[in-house]
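Participant: Here's a structure for you.
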Amino acid sequence: MAKKKAEDKDSAWKSLQLKLGVITVILGLLTTGYNLIKKNPPPPVNPDLKASLEISYISMIGDIYAMAGGDSAARKKNAFYLDYPILTNEISDKGLQKTDQLFTDTTVNDYDLFITCLMIQNKGKGDASDIELDMSKLNINQPLTVTENPQSKNDYDSQIRAKGVAVKQMMRLPSSLSTGRGILIPLFVSYDKPSPVNKNRQWKIESKTIFLPNNIRYTEPADTAHKSLKIRKMLSPVRLAEGVQGRG
């Protein structure tokens, strides 16, 4: 009987020693791993490989807008924006087929139809992924006349928001933007003159829906945290080419 108790005691002691040995090995591995990480932290992200989004506004007459996203190198030689695809939304698709989204307004027969887009370009050396836009979406029940007023610094944003109820909407881009690439996002359709004259001029928004961008967020491959940028408001139009206006 005494021999049996001694054997049980010896077995329990050996089991405890085995468990302590396993725990010691695990702690040793964890300590070694921690020391390696501490001595060799991950290299910092090379700033030259980060994405850099440039955001601006561009208005194009319908014929030019319809050429965007095509494959004619000769046509796009001096019009880089025509190389960018168009994001289809409530305002327009590439073929400008959503005419049911426009008011019928006979007072603009001698004006040209313009599509104003937000243009996003990646000027950095790294891809921009998971791109999200915070927008204000407005629905109007009649054409909206916008007045160019130098004294008010052409605050189009306030003029437009005063005519409708803004609803927040998040818009997600369908793909990442690699370096040198861009995308056009239709914001509204208007009637205007091809060559803008800034003194007391007026133009009309004819689309029943208007998008006003607020912020943009995106990630980079080396950093999963979202970067956030505030999008500036539109500025006075500047003629870039025949039938093309830049708005800052």
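Letters A, B, ... go to the chains of the structure tokens in the order shown; residues in each chain start at 1; ligands are counted from 1 in the same order.
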At a cut-off of 12 Å, can you tabulate as a tab-separated table every residue of segment 164-207 of chain A near segment 120-136 of chain A together with its closest atom pair and the distance in Å to one decimal, using only C-alpha atoms and ordering rows by chain then number?
Facilitator:
residue	atom	partner	partner_atom	distance
A:Gly164	CA	A:Ser136	CA	10.6
A:Val165	CA	A:Ser136	CA	9.1
A:Ala166	CA	A:Ser136	CA	5.4
A:Val167	CA	A:Ser136	CA	5.4
A:Lys168	CA	A:Ser136	CA	4.8
A:Gln169	CA	A:Met135	CA	5.2
A:Met170	CA	A:Asp134	CA	4.7
A:Met171	CA	A:Leu133	CA	5.0
A:Arg172	CA	A:Glu132	CA	4.4
A:Leu173	CA	A:Ile131	CA	5.6
A:Pro174	CA	A:Ile131	CA	8.2
A:Ser175	CA	A:Ser129	CA	7.1
A:Ser176	CA	A:Ser129	CA	4.3
A:Leu177	CA	A:Ala128	CA	5.2
A:Ser178	CA	A:Asp127	CA	4.4
A:Thr179	CA	A:Asn122	CA	5.3
A:Gly180	CA	A:Asn122	CA	5.5
A:Arg181	CA	A:Asn122	CA	5.7
A:Gly182	CA	A:Gln121	CA	4.1
A:Ile183	CA	A:Ile120	CA	5.5
A:Leu184	CA	A:Ile120	CA	6.7
A:Ile185	CA	A:Ile120	CA	8.2
A:Pro186	CA	A:Ile120	CA	11.5
A:Leu187	CA	A:Met135	CA	9.8
Participant: Compile the contact shell of segment 202-209 of chain A as a PyMOL selection string: residues with an atom at most 9 Å away, counting only C-alpha atoms, same-chain residues fewer than 2 positions apart removed.
Facilitator: chain A and resi 90-91+99+101-105+108+111+113+137-148+187-193+198+200+211
Participant: So which one's closest to Tyr84 of chain A, A:Met119, A:Ala51, A:Val238, A:Gly62? Using only C-alpha atoms, please.
Facilitator: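 For Tyr84 of chain A, the nearest of the candidates is A:Met119.
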Participant: Could you check how far atom CA of Ile115 of chain A sits from atom CA of Leu53 of chain A, in Å to one decimal?
Facilitator: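 Interatomic distance, atom CA of Ile115 of chain A to atom CA of Leu53 of chain A: 21.9 Å.
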Participant: Could you tell me how far atom CA of Arg232 of chain A lies from atom CA of Tyr57 of chain A, in Å and to one decimal?
Facilitator: 9.6 Å
Participant: Select, from A:Ser92, A:Thr116, A:Ser59, A:Asn215, the residue with the minimum atom-to-atom distance to Val244 of chain A, counting only C-alpha atoms.
Facilitator: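 Under the stated criterion, the closest residue is A:Ser59.
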Participant: Just the residues within 7 Å of Pro237 of chain A, please, counting only C-alpha atoms, with nothing from its chain fewer than 2 positions along; format it as a PDB file with N, CA, C and O atoms, in the first residue's frame.
Facilitator:
ATOM      1  N   PRO A 196     -17.906  80.847 -70.682  1.00  0.00           N
ATOM      2  CA  PRO A 196     -18.528  81.546 -69.547  1.00  0.00           C
ATOM      3  C   PRO A 196     -18.113  83.011 -69.451  1.00  0.00           C
ATOM      4  O   PRO A 196     -16.961  83.371 -69.690  1.00  0.00           O
ATOM      5  N   LEU A 235     -15.882  76.461 -57.681  1.00  0.00           N
ATOM      6  CA  LEU A 235     -15.479  77.846 -57.888  1.00  0.00           C
ATOM      7  C   LEU A 235     -16.082  78.365 -59.191  1.00  0.00           C
ATOM      8  O   LEU A 235     -16.799  77.660 -59.890  1.00  0.00           O
ATOM      9  N   ARG A 239     -12.829  78.510 -68.656  1.00  0.00           N
ATOM     10  CA  ARG A 239     -12.831  77.763 -69.904  1.00  0.00           C
ATOM     11  C   ARG A 239     -11.521  76.987 -70.055  1.00  0.00           C
ATOM     12  O   ARG A 239     -10.446  77.564 -70.056  1.00  0.00           O
ATOM     13  N   GLN A 245     -15.432  73.298 -69.140  1.00  0.00           N
ATOM     14  CA  GLN A 245     -15.191  74.295 -68.097  1.00  0.00           C
ATOM     15  C   GLN A 245     -14.626  73.615 -66.848  1.00  0.00           C
ATOM     16  O   GLN A 245     -15.058  72.514 -66.483  1.00  0.00           O
ATOM     17  N   GLY A 246     -13.678  74.266 -66.221  1.00  0.00           N
ATOM     18  CA  GLY A 246     -13.190  73.832 -64.927  1.00  0.00           C
ATOM     19  C   GLY A 246     -13.812  74.689 -63.846  1.00  0.00           C
ATOM     20  O   GLY A 246     -14.017  75.879 -64.033  1.00  0.00           O
ATOM     21  N   ARG A 247     -14.129  74.075 -62.708  1.00  0.00           N
ATOM     22  CA  ARG A 247     -14.751  74.814 -61.606  1.00  0.00           C
ATOM     23  C   ARG A 247     -13.975  74.640 -60.305  1.00  0.00           C
ATOM     24  O   ARG A 247     -14.542  74.552 -59.242  1.00  0.00           O
TER      25      ARG A 247
END
Participant: Write out as a ChimeraX atom specification all residues of segment 155-206 of chain A that DSSP puts in strand (DSSP E or B) for this structure's backbone.
Facilitator: /A:166-172,177,182-192,202-205
Participant: Write out as a PyMOL selection string each polymer residue whose atoms come within 8 Å of Tyr65 of chain A, counting only C-alpha atoms; drop sequence neighbours fewer than 4 positions from it.
Facilitator: chain A and resi 60-61+82+94+115
Participant: Restrict the selected residues to all heavy atoms and save them as a PDB file, in the first residue's frame.
Facilitator:
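again_16.pdb, written as the output of this step:
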ATOM      1  N   MET A  60     -18.673  69.450 -68.888  1.00  0.00           N
ATOM      2  CA  MET A  60     -18.479  69.164 -70.313  1.00  0.00           C
ATOM      3  C   MET A  60     -19.819  69.165 -71.030  1.00  0.00           C
ATOM      4  O   MET A  60     -20.821  68.695 -70.483  1.00  0.00           O
ATOM      5  CB  MET A  60     -17.814  67.790 -70.482  1.00  0.00           C
ATOM      6  CG  MET A  60     -16.410  67.692 -69.931  1.00  0.00           C
ATOM      7  SD  MET A  60     -15.756  65.998 -70.028  1.00  0.00           S
ATOM      8  CE  MET A  60     -16.509  65.288 -68.551  1.00  0.00           C
ATOM      9  N   ILE A  61     -19.838  69.695 -72.262  1.00  0.00           N
ATOM     10  CA  ILE A  61     -21.065  69.603 -73.041  1.00  0.00           C
ATOM     11  C   ILE A  61     -21.311  68.131 -73.375  1.00  0.00           C
ATOM     12  O   ILE A  61     -20.400  67.300 -73.333  1.00  0.00           O
ATOM     13  CB  ILE A  61     -20.994  70.451 -74.328  1.00  0.00           C
ATOM     14  CG1 ILE A  61     -19.839  69.997 -75.224  1.00  0.00           C
ATOM     15  CG2 ILE A  61     -20.856  71.924 -73.998  1.00  0.00           C
ATOM     16  CD1 ILE A  61     -19.850  70.680 -76.574  1.00  0.00           C
ATOM     17  N   LEU A  82     -10.846  62.663 -70.612  1.00  0.00           N
ATOM     18  CA  LEU A  82     -11.641  61.746 -71.429  1.00  0.00           C
ATOM     19  C   LEU A  82     -11.172  60.301 -71.275  1.00  0.00           C
ATOM     20  O   LEU A  82     -11.836  59.371 -71.744  1.00  0.00           O
ATOM     21  CB  LEU A  82     -11.585  62.152 -72.900  1.00  0.00           C
ATOM     22  CG  LEU A  82     -12.229  63.498 -73.239  1.00  0.00           C
ATOM     23  CD1 LEU A  82     -12.106  63.787 -74.729  1.00  0.00           C
ATOM     24  CD2 LEU A  82     -13.683  63.544 -72.806  1.00  0.00           C
ATOM     25  N   LYS A  94     -22.959  56.672 -69.001  1.00  0.00           N
ATOM     26  CA  LYS A  94     -21.992  57.108 -70.008  1.00  0.00           C
ATOM     27  C   LYS A  94     -22.666  57.639 -71.270  1.00  0.00           C
ATOM     28  O   LYS A  94     -22.226  58.596 -71.882  1.00  0.00           O
ATOM     29  CB  LYS A  94     -21.046  55.961 -70.376  1.00  0.00           C
ATOM     30  CG  LYS A  94     -19.949  56.397 -71.334  1.00  0.00           C
ATOM     31  CD  LYS A  94     -19.100  55.232 -71.783  1.00  0.00           C
ATOM     32  CE  LYS A  94     -17.971  55.724 -72.687  1.00  0.00           C
ATOM     33  NZ  LYS A  94     -18.467  56.487 -73.838  1.00  0.00           N
ATOM     34  N   ILE A 115     -22.733  68.590 -68.384  1.00  0.00           N
ATOM     35  CA  ILE A 115     -22.731  67.658 -67.253  1.00  0.00           C
ATOM     36  C   ILE A 115     -21.551  68.024 -66.371  1.00  0.00           C
ATOM     37  O   ILE A 115     -20.404  68.017 -66.833  1.00  0.00           O
ATOM     38  CB  ILE A 115     -22.623  66.192 -67.705  1.00  0.00           C
ATOM     39  CG1 ILE A 115     -23.801  65.816 -68.605  1.00  0.00           C
ATOM     40  CG2 ILE A 115     -22.609  65.274 -66.478  1.00  0.00           C
ATOM     41  CD1 ILE A 115     -23.550  66.073 -70.069  1.00  0.00           C
TER      42      ILE A 115
END
Participant: Any idea what the distance is between atom CA of Asp112 of chain A and atom CA of Lys233 of chain A?
Facilitator: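 That distance, rounded to one decimal, is 23.2 Å.
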Participant: Pick from A:Gln159, A:Cys117, A:Leu49, A:Gly248: nearest to Ala68 of chain A, with only C-alpha atoms counted?
Facilitator: A:Cys117
